[in-house]
Amino acid sequence: MRQFLVFLVALFIFIGFSLPNQAKAETLYTMDTQNHSFDITKFGAKANDNKDDSQAIINAIRTADSSGGGTVYIPAGTYHVTTINVAVSHPISIVGEQGAILDGRQSTQQSILNIGGSRGGAAPLLADAVKGNKTALTNLPVVPGDIVLIHSSELFNPARNYYYRGEMAEVASVSGDTITFKNGLFDTYHSASTVLYKLNMPNISITNLNILRDSNHVGLTVNYARSLHLAHVEVSGARERGIGLSYIYGGAVENNEVSDCWYEGSGTSYGLSIASSQHLTVKDNWMHGGRHGISLGGQEPVRDILLTQNVIDNYRDSRVGAFNTHENVEYITISENQILNGVSVAGDHLTFDGNTITSRVDYPGIIVKQNSYTDELVVRNNKITAPNYGILLETYLPSLEMKDMIVEGNTIRSKSAGIGIKPRMETATGTKIKNVTVKNNDIISTIDSAISIRNYGQTAITVENLKIEGGTYNSVNNKGIFAQIPPSAGNFTISNATIGTEKEGEYGMLLINFNRIAIDHSNLQGPTTRGYGNYFQHANHVVITNSKLNGWKYKNGVKMLNVSNVQLGNNTYTNTPS
């Protein structure tokens, strides 16, 4: 009989309320088919009466939690709140009816709504755990399905004393002191420096809610949650950060909106911040932050995050990137977003694909601050417009290494170099990129070169293999390509590409210290009034074949200095002596 009455109530709510979209209908249906549903007005909350409803909402959430989980329902109207700060142990869904508002504009508390689980008991790691393996030896009492936090006192990056090695892992099975995880470990951990925590991580869902703030604090905070569902939430006036997520294991953040987050002088001021979390999808949000629209990074690394189809902005031109990561992120994909004021990132396995990126101030479209070993950076199919660099890779520390940098299919319009690679400071010595692949890009730079690899003072960066395949690389007032690396440190190949300058009396390319330079089936284009040529210095081999050289004053369109072996074959020369 009770189940039948719940069904009638659900049917009444579904028919009686105007639903703005299908997502709202699905949310209400999910809410009303829960085992337990709790209306905050039944706990004393009253809309539009200017009284503090915080305790009534807290009581509703606690009752749902003590009942084994359930849905907390917020009817339409404005509920004045100071802070709703609740730790829960069971699945909680907070569902607002269309027009449900939590008004915390008079509050000076840290968060208006702060909900989530907790960190439980701890036990040491009894033997080293190896990256890629699925097992750990510990006497931590867990069961299959539990989430374990692996935390090491060792630094994730030796140069940063506040980012530690660690991750969350789901338990698949337990046999004695051996825990087998569902997936392989992201990192290696030493028993002497590692502790495992059992996490209390309930499922949390928050949908269809408007949160108002007018202070330098936070709007919504969720900590220690799994399968997070955050949708159709609006936050405004929370100028320290709109939405803060930490220790989230899985889930989706979709169709939310954050605005008015500028906090003068703050190091935060984020629209959305994600710390120490894994396996999240962030989609179709509008994040209008102050310092950053979206920022990733925390005490432990952030891993396996997909950001797609968002609008990301920092409208106060903070010169630090509307999208930002700290130095401890891995396996992050940024796809099909509109990013309105540049990107500033550091991390490993970063992929930018299909974004539209615009910088309104003198800031790069994408700046990558390499400060630890990096396997892969991919920048593909983006449209970038910037009054500074289009894409800039800077190395910050000595003896860093990157395995692969791939820049493919991008359209870049910039004043500084379209693609720039350089040390950040003279102390960043001995840094190396093993492979740089530049393929099928359309780059026009007005002041600097289309591609620029430069020293910082006397400090150079090694590029072992630099390859350009297809595309157009043109500078209006500089060389098409400028590249200087340590002597005999790498090879440079160019095929099926157009490279040139529009400036009279300029070089099309200036390449210094490469071991071997090979150019094939390419168009080396000088200005209408002719440039000097293409200048190669200190190379063991220069080979130019099957190419067109147009608009150069020097014979064969080339100039050599300390080049041991030269081969020119089957080239076509137009407006160029041969």
# chains A, B, ... in the order shown; residues from 1 in each chain; ligands from 1

call {"tool": "select_by_dssp", "arguments": {"residues": "range 161-368 of chain A", "states": "strand (DSSP E)", "output": "VMD selection string"}}
result
chain A and resid 164 to 175 178 to 181 194 to 200 203 to 215 218 to 238 241 to 254 257 to 261 270 to 275 278 to 283 286 to 289 292 to 296 302 to 308 311 to 314 323 to 325 329 to 335 338 to 339 343 to 345 348 to 353 356 to 358 366 to 368

call {"tool": "closest_atom_pairs", "arguments": {"of": "range 109-136 of chain A", "to": "range 227-232 of chain A", "cutoff": "12 Å", "atoms": "only C-alpha atoms", "output": "Markdown table"}}
result
| residue | atom | partner | partner_atom | distance |
| --- | --- | --- | --- | --- |
| A:Ile115 | CA | A:Leu228 | CA | 11.4 |
| A:Gly116 | CA | A:Leu228 | CA | 9.9 |
| A:Gly117 | CA | A:Leu228 | CA | 11.7 |

call {"tool": "residues_around", "arguments": {"residues": "Gly347 in chain A", "least_positions_apart": "6", "cutoff": "6 Å", "atoms": "only C-alpha atoms", "output": "number ranges by chain"}}
result
A: 327-330

call {"tool": "atom_distance", "arguments": {"atom1": "CA of Asp284 in chain A", "atom2": "CA of Tyr163 in chain A"}}
result
29.4 Å

call {"tool": "closest_atom_pairs", "arguments": {"of": "range 485-548 of chain A", "to": "range 562-574 of chain A", "cutoff": "6 Å", "atoms": "only C-alpha atoms", "output": "CSV"}}
result
residue,atom,partner,partner_atom,distance
A:Gln537,CA,A:Asn562,CA,6.0
A:His538,CA,A:Asn562,CA,4.8
A:Ala539,CA,A:Val563,CA,4.8
A:Asn540,CA,A:Ser564,CA,4.8
A:His541,CA,A:Asn565,CA,4.7
A:Val542,CA,A:Val566,CA,4.9
A:Val543,CA,A:Gln567,CA,4.7
A:Ile544,CA,A:Leu568,CA,5.0
A:Thr545,CA,A:Gly569,CA,4.7
A:Asn546,CA,A:Asn571,CA,4.8
A:Ser547,CA,A:Asn571,CA,4.8
A:Lys548,CA,A:Thr572,CA,4.7

call {"tool": "write_last_selection", "arguments": {"atoms": "all heavy atoms", "output": "JSON list (two decimals), in the first residue's frame"}}
result
[["chain", "number", "residue", "atom", "x", "y", "z"],
["A", 537, "GLN", "N", 72.83, 27.00, -40.05],
["A", 537, "GLN", "CA", 74.12, 27.18, -39.38],
["A", 537, "GLN", "C", 74.50, 25.94, -38.58],
["A", 537, "GLN", "O", 73.66, 25.35, -37.89],
["A", 537, "GLN", "CB", 74.06, 28.37, -38.42],
["A", 537, "GLN", "CG", 73.82, 29.71, -39.08],
["A", 537, "GLN", "CD", 73.84, 30.85, -38.08],
["A", 537, "GLN", "OE1", 74.24, 30.67, -36.93],
["A", 537, "GLN", "NE2", 73.43, 32.04, -38.51],
["A", 538, "HIS", "N", 75.75, 25.55, -38.69],
["A", 538, "HIS", "CA", 76.33, 24.50, -37.86],
["A", 538, "HIS", "C", 75.54, 23.20, -37.96],
["A", 538, "HIS", "O", 75.01, 22.69, -36.96],
["A", 538, "HIS", "CB", 76.43, 24.95, -36.39],
["A", 538, "HIS", "CG", 77.14, 26.26, -36.22],
["A", 538, "HIS", "ND1", 78.50, 26.41, -36.43],
["A", 538, "HIS", "CD2", 76.65, 27.50, -35.89],
["A", 538, "HIS", "CE1", 78.84, 27.67, -36.20],
["A", 538, "HIS", "NE2", 77.74, 28.35, -35.89],
["A", 539, "ALA", "N", 75.45, 22.67, -39.16],
["A", 539, "ALA", "CA", 74.76, 21.40, -39.39],
["A", 539, "ALA", "C", 75.71, 20.43, -40.07],
["A", 539, "ALA", "O", 76.57, 20.82, -40.87],
["A", 539, "ALA", "CB", 73.52, 21.62, -40.26],
["A", 540, "ASN", "N", 75.54, 19.17, -39.78],
["A", 540, "ASN", "CA", 76.34, 18.15, -40.46],
["A", 540, "ASN", "C", 75.80, 17.84, -41.85],
["A", 540, "ASN", "O", 76.56, 17.59, -42.77],
["A", 540, "ASN", "CB", 76.39, 16.87, -39.62],
["A", 540, "ASN", "CG", 77.22, 17.04, -38.36],
["A", 540, "ASN", "OD1", 78.22, 17.77, -38.36],
["A", 540, "ASN", "ND2", 76.81, 16.40, -37.28],
["A", 541, "HIS", "N", 74.48, 17.86, -42.00],
["A", 541, "HIS", "CA", 73.86, 17.54, -43.29],
["A", 541, "HIS", "C", 72.67, 18.46, -43.52],
["A", 541, "HIS", "O", 71.85, 18.65, -42.63],
["A", 541, "HIS", "CB", 73.37, 16.09, -43.33],
["A", 541, "HIS", "CG", 74.43, 15.07, -43.04],
["A", 541, "HIS", "ND1", 75.24, 14.53, -44.03],
["A", 541, "HIS", "CD2", 74.81, 14.48, -41.88],
["A", 541, "HIS", "CE1", 76.07, 13.67, -43.49],
["A", 541, "HIS", "NE2", 75.82, 13.62, -42.19],
["A", 542, "VAL", "N", 72.57, 19.02, -44.73],
["A", 542, "VAL", "CA", 71.38, 19.74, -45.18],
["A", 542, "VAL", "C", 70.97, 19.16, -46.53],
["A", 542, "VAL", "O", 71.77, 19.13, -47.47],
["A", 542, "VAL", "CB", 71.64, 21.25, -45.32],
["A", 542, "VAL", "CG1", 70.44, 21.94, -45.97],
["A", 542, "VAL", "CG2", 71.91, 21.87, -43.94],
["A", 543, "VAL", "N", 69.73, 18.69, -46.60],
["A", 543, "VAL", "CA", 69.21, 18.09, -47.82],
["A", 543, "VAL", "C", 67.90, 18.79, -48.16],
["A", 543, "VAL", "O", 66.96, 18.81, -47.35],
["A", 543, "VAL", "CB", 68.97, 16.58, -47.65],
["A", 543, "VAL", "CG1", 68.40, 15.99, -48.93],
["A", 543, "VAL", "CG2", 70.25, 15.88, -47.23],
["A", 544, "ILE", "N", 67.82, 19.38, -49.38],
["A", 544, "ILE", "CA", 66.58, 19.99, -49.86],
["A", 544, "ILE", "C", 66.27, 19.37, -51.22],
["A", 544, "ILE", "O", 67.05, 19.54, -52.18],
["A", 544, "ILE", "CB", 66.70, 21.51, -49.98],
["A", 544, "ILE", "CG1", 67.12, 22.14, -48.64],
["A", 544, "ILE", "CG2", 65.37, 22.11, -50.44],
["A", 544, "ILE", "CD1", 67.35, 23.64, -48.71],
["A", 545, "THR", "N", 65.15, 18.67, -51.31],
["A", 545, "THR", "CA", 64.80, 17.98, -52.54],
["A", 545, "THR", "C", 63.33, 18.18, -52.87],
["A", 545, "THR", "O", 62.49, 18.36, -51.98],
["A", 545, "THR", "CB", 65.08, 16.47, -52.40],
["A", 545, "THR", "OG1", 64.40, 15.96, -51.25],
["A", 545, "THR", "CG2", 66.56, 16.18, -52.26],
["A", 546, "ASN", "N", 63.04, 18.16, -54.19],
["A", 546, "ASN", "CA", 61.66, 18.17, -54.70],
["A", 546, "ASN", "C", 60.83, 19.33, -54.16],
["A", 546, "ASN", "O", 59.62, 19.19, -53.95],
["A", 546, "ASN", "CB", 60.96, 16.84, -54.35],
["A", 546, "ASN", "CG", 61.73, 15.64, -54.85],
["A", 546, "ASN", "OD1", 62.05, 15.53, -56.03],
["A", 546, "ASN", "ND2", 62.07, 14.74, -53.93],
["A", 547, "SER", "N", 61.48, 20.46, -53.95],
["A", 547, "SER", "CA", 60.80, 21.58, -53.31],
["A", 547, "SER", "C", 60.80, 22.81, -54.21],
["A", 547, "SER", "O", 61.57, 22.91, -55.17],
["A", 547, "SER", "CB", 61.47, 21.90, -51.96],
["A", 547, "SER", "OG", 61.32, 20.82, -51.07],
["A", 548, "LYS", "N", 59.92, 23.77, -53.87],
["A", 548, "LYS", "CA", 59.83, 25.03, -54.58],
["A", 548, "LYS", "C", 60.40, 26.14, -53.70],
["A", 548, "LYS", "O", 60.02, 26.26, -52.55],
["A", 548, "LYS", "CB", 58.37, 25.35, -54.92],
["A", 548, "LYS", "CG", 57.71, 24.33, -55.84],
["A", 548, "LYS", "CD", 56.25, 24.69, -56.09],
["A", 548, "LYS", "CE", 55.57, 23.67, -56.98],
["A", 548, "LYS", "NZ", 54.14, 24.00, -57.21]]

call {"tool": "atom_distance", "arguments": {"atom1": "CA of Gly531 in chain A", "atom2": "CA of Thr576 in chain A"}}
result
9.7 Å

call {"tool": "residues_around", "arguments": {"residues": "Ile92 in chain A", "least_positions_apart": "2", "cutoff": "9 Å", "atoms": "only C-alpha atoms", "output": "PyMOL selection string"}}
result
chain A and resi 61+64-65+69-72+88-90+94+116+202-206

call {"tool": "residues_around", "arguments": {"residues": "Ser118 in chain A", "least_positions_apart": "2", "cutoff": "12 Å", "atoms": "only C-alpha atoms", "output": "PDB file with C-alpha atoms, in the first residue's frame"}}
result
ATOM      1  CA  VAL A  86      26.649  18.046   6.621  1.00  0.00           C
ATOM      2  CA  ALA A  87      28.763  14.884   6.572  1.00  0.00           C
ATOM      3  CA  VAL A  88      26.791  11.878   5.294  1.00  0.00           C
ATOM      4  CA  SER A  89      27.371   8.159   4.954  1.00  0.00           C
ATOM      5  CA  HIS A  90      24.618   7.091   2.560  1.00  0.00           C
ATOM      6  CA  ILE A 115      28.164  18.006   1.789  1.00  0.00           C
ATOM      7  CA  GLY A 116      29.992  14.710   1.400  1.00  0.00           C
ATOM      8  CA  GLY A 120      38.049   6.867   7.720  1.00  0.00           C
ATOM      9  CA  GLY A 121      40.565   4.560   9.355  1.00  0.00           C
ATOM     10  CA  ILE A 147      37.416   3.245  -2.165  1.00  0.00           C
ATOM     11  CA  VAL A 148      40.911   3.528  -0.697  1.00  0.00           C
ATOM     12  CA  LEU A 149      43.039   6.657  -0.627  1.00  0.00           C
ATOM     13  CA  TYR A 197      42.848   5.357   4.219  1.00  0.00           C
ATOM     14  CA  LYS A 198      39.415   3.817   3.905  1.00  0.00           C
ATOM     15  CA  LEU A 199      37.125   6.491   2.514  1.00  0.00           C
ATOM     16  CA  ASN A 200      33.471   6.922   3.322  1.00  0.00           C
ATOM     17  CA  MET A 201      32.310   8.006  -0.153  1.00  0.00           C
ATOM     18  CA  PRO A 202      28.540   8.097  -0.612  1.00  0.00           C
ATOM     19  CA  VAL A 222      31.356  18.505  -2.230  1.00  0.00           C
ATOM     20  CA  ASN A 223      34.035  16.360  -0.576  1.00  0.00           C
ATOM     21  CA  TYR A 224      34.559  12.590  -0.504  1.00  0.00           C
ATOM     22  CA  ALA A 225      31.878  11.454  -2.916  1.00  0.00           C
ATOM     23  CA  ARG A 226      31.636   8.826  -5.628  1.00  0.00           C
ATOM     24  CA  SER A 246      37.676  17.434  -3.724  1.00  0.00           C
ATOM     25  CA  TYR A 247      38.208  13.688  -3.389  1.00  0.00           C
ATOM     26  CA  ILE A 248      35.569  12.858  -5.981  1.00  0.00           C
TER      27      ILE A 248
END

call {"tool": "residues_around", "arguments": {"residues": "Arg413 in chain A", "least_positions_apart": "4", "cutoff": "8 Å", "atoms": "only C-alpha atoms", "output": "PyMOL selection string"}}
result
chain A and resi 384-386+390+418+443-445

call {"tool": "closest_residue", "arguments": {"among": "A:Ser344, A:Thr308, A:Thr138, A:Thr41", "to": "Gln55 in chain A", "atoms": "only C-alpha atoms"}}
result
A:Thr41

call {"tool": "residues_around", "arguments": {"residues": "Ala252 in chain A", "least_positions_apart": "2", "cutoff": "6 Å", "atoms": "only C-alpha atoms", "output": "list in words"}}
result
His229, Leu280, Thr281 and Val282 of chain A

call {"tool": "closest_residue", "arguments": {"among": "A:Ile519, A:Val320, A:Ile274, A:Leu397", "to": "Pro158 in chain A", "atoms": "only C-alpha atoms"}}
result
A:Leu397

call {"tool": "closest_residue", "arguments": {"among": "A:Phe156, A:Thr135, A:Tyr554, A:Asn216", "to": "Gly184 in chain A", "atoms": "only C-alpha atoms"}}
result
A:Thr135

call {"tool": "atom_distance", "arguments": {"atom1": "CA of Ser236 in chain A", "atom2": "CA of Ile367 in chain A"}}
result
28.5 Å

call {"tool": "closest_residue", "arguments": {"among": "A:Asn285, A:Asn310, A:Asn48, A:Ser37", "to": "Glu257 in chain A", "atoms": "only C-alpha atoms"}}
result
A:Asn285

call {"tool": "closest_residue", "arguments": {"among": "A:Val95, A:Ala417, A:Leu155, A:Leu102", "to": "Ala47 in chain A", "atoms": "only C-alpha atoms"}}
result
A:Leu102

call {"tool": "closest_residue", "arguments": {"among": "A:Gly508, A:Gly166, A:Gly176, A:Gly557", "to": "Leu140 in chain A", "atoms": "only C-alpha atoms"}}
result
A:Gly176

call {"tool": "decode", "arguments": {"residues": "range 454-521 of chain A", "atoms": "C-alpha atoms", "output": "mmCIF file, in the first residue's frame"}}
result
data_model
loop_
_atom_site.group_PDB
_atom_site.id
_atom_site.type_symbol
_atom_site.label_atom_id
_atom_site.label_comp_id
_atom_site.auth_asym_id
_atom_site.auth_seq_id
_atom_site.Cartn_x
_atom_site.Cartn_y
_atom_site.Cartn_z
ATOM 1 C CA ARG A 454 64.764 29.783 -28.577
ATOM 2 C CA ASN A 455 67.344 30.006 -25.813
ATOM 3 C CA TYR A 456 66.876 31.835 -22.554
ATOM 4 C CA GLY A 457 70.128 33.721 -22.273
ATOM 5 C CA GLN A 458 72.726 30.985 -22.741
ATOM 6 C CA THR A 459 70.327 28.178 -21.816
ATOM 7 C CA ALA A 460 69.066 26.096 -24.727
ATOM 8 C CA ILE A 461 66.487 23.336 -24.949
ATOM 9 C CA THR A 462 67.265 20.086 -26.749
ATOM 10 C CA VAL A 463 64.843 18.763 -29.356
ATOM 11 C CA GLU A 464 66.071 15.390 -30.549
ATOM 12 C CA ASN A 465 63.611 14.934 -33.419
ATOM 13 C CA LEU A 466 61.588 17.783 -34.881
ATOM 14 C CA LYS A 467 59.237 16.902 -37.704
ATOM 15 C CA ILE A 468 56.927 19.107 -39.779
ATOM 16 C CA GLU A 469 54.466 17.301 -42.010
ATOM 17 C CA GLY A 470 52.091 19.426 -44.074
ATOM 18 C CA GLY A 471 50.524 22.754 -43.231
ATOM 19 C CA THR A 472 51.340 26.438 -43.662
ATOM 20 C CA TYR A 473 53.730 28.343 -41.382
ATOM 21 C CA ASN A 474 54.012 32.017 -42.221
ATOM 22 C CA SER A 475 55.301 35.139 -40.493
ATOM 23 C CA VAL A 476 54.376 38.664 -41.538
ATOM 24 C CA ASN A 477 57.356 40.439 -39.949
ATOM 25 C CA ASN A 478 59.817 37.712 -38.995
ATOM 26 C CA LYS A 479 61.236 34.373 -40.026
ATOM 27 C CA GLY A 480 58.814 31.617 -40.846
ATOM 28 C CA ILE A 481 60.765 29.300 -38.527
ATOM 29 C CA PHE A 482 63.509 30.103 -36.046
ATOM 30 C CA ALA A 483 65.056 27.152 -34.195
ATOM 31 C CA GLN A 484 68.243 27.036 -32.133
ATOM 32 C CA ILE A 485 69.211 24.010 -30.075
ATOM 33 C CA PRO A 486 72.483 22.789 -28.484
ATOM 34 C CA PRO A 487 75.139 21.758 -31.049
ATOM 35 C CA SER A 488 74.422 18.542 -32.994
ATOM 36 C CA ALA A 489 71.591 17.719 -30.613
ATOM 37 C CA GLY A 490 68.805 16.786 -32.993
ATOM 38 C CA ASN A 491 67.365 16.211 -36.452
ATOM 39 C CA PHE A 492 64.832 18.364 -38.304
ATOM 40 C CA THR A 493 62.689 17.026 -41.161
ATOM 41 C CA ILE A 494 60.131 18.974 -43.203
ATOM 42 C CA SER A 495 57.803 17.489 -45.793
ATOM 43 C CA ASN A 496 54.810 18.766 -47.790
ATOM 44 C CA ALA A 497 54.768 22.062 -45.906
ATOM 45 C CA THR A 498 54.635 25.726 -46.881
ATOM 46 C CA ILE A 499 57.030 27.925 -44.891
ATOM 47 C CA GLY A 500 57.672 31.584 -45.501
ATOM 48 C CA THR A 501 57.931 35.211 -44.532
ATOM 49 C CA GLU A 502 56.260 38.331 -45.886
ATOM 50 C CA LYS A 503 59.004 40.696 -44.694
ATOM 51 C CA GLU A 504 61.447 42.089 -47.230
ATOM 52 C CA GLY A 505 65.051 41.162 -46.516
ATOM 53 C CA GLU A 506 64.134 38.497 -43.954
ATOM 54 C CA TYR A 507 65.068 34.819 -43.787
ATOM 55 C CA GLY A 508 62.417 32.212 -44.386
ATOM 56 C CA MET A 509 64.082 29.888 -41.879
ATOM 57 C CA LEU A 510 67.026 30.192 -39.512
ATOM 58 C CA LEU A 511 68.001 26.784 -38.142
ATOM 59 C CA ILE A 512 71.013 26.511 -35.853
ATOM 60 C CA ASN A 513 72.927 23.490 -34.506
ATOM 61 C CA PHE A 514 70.816 20.656 -35.901
ATOM 62 C CA ASN A 515 72.712 17.526 -36.830
ATOM 63 C CA ARG A 516 70.646 16.870 -39.957
ATOM 64 C CA ILE A 517 68.099 19.046 -41.794
ATOM 65 C CA ALA A 518 66.026 17.365 -44.512
ATOM 66 C CA ILE A 519 63.381 19.237 -46.544
ATOM 67 C CA ASP A 520 61.290 17.446 -49.156
ATOM 68 C CA HIS A 521 58.260 18.310 -51.340
#
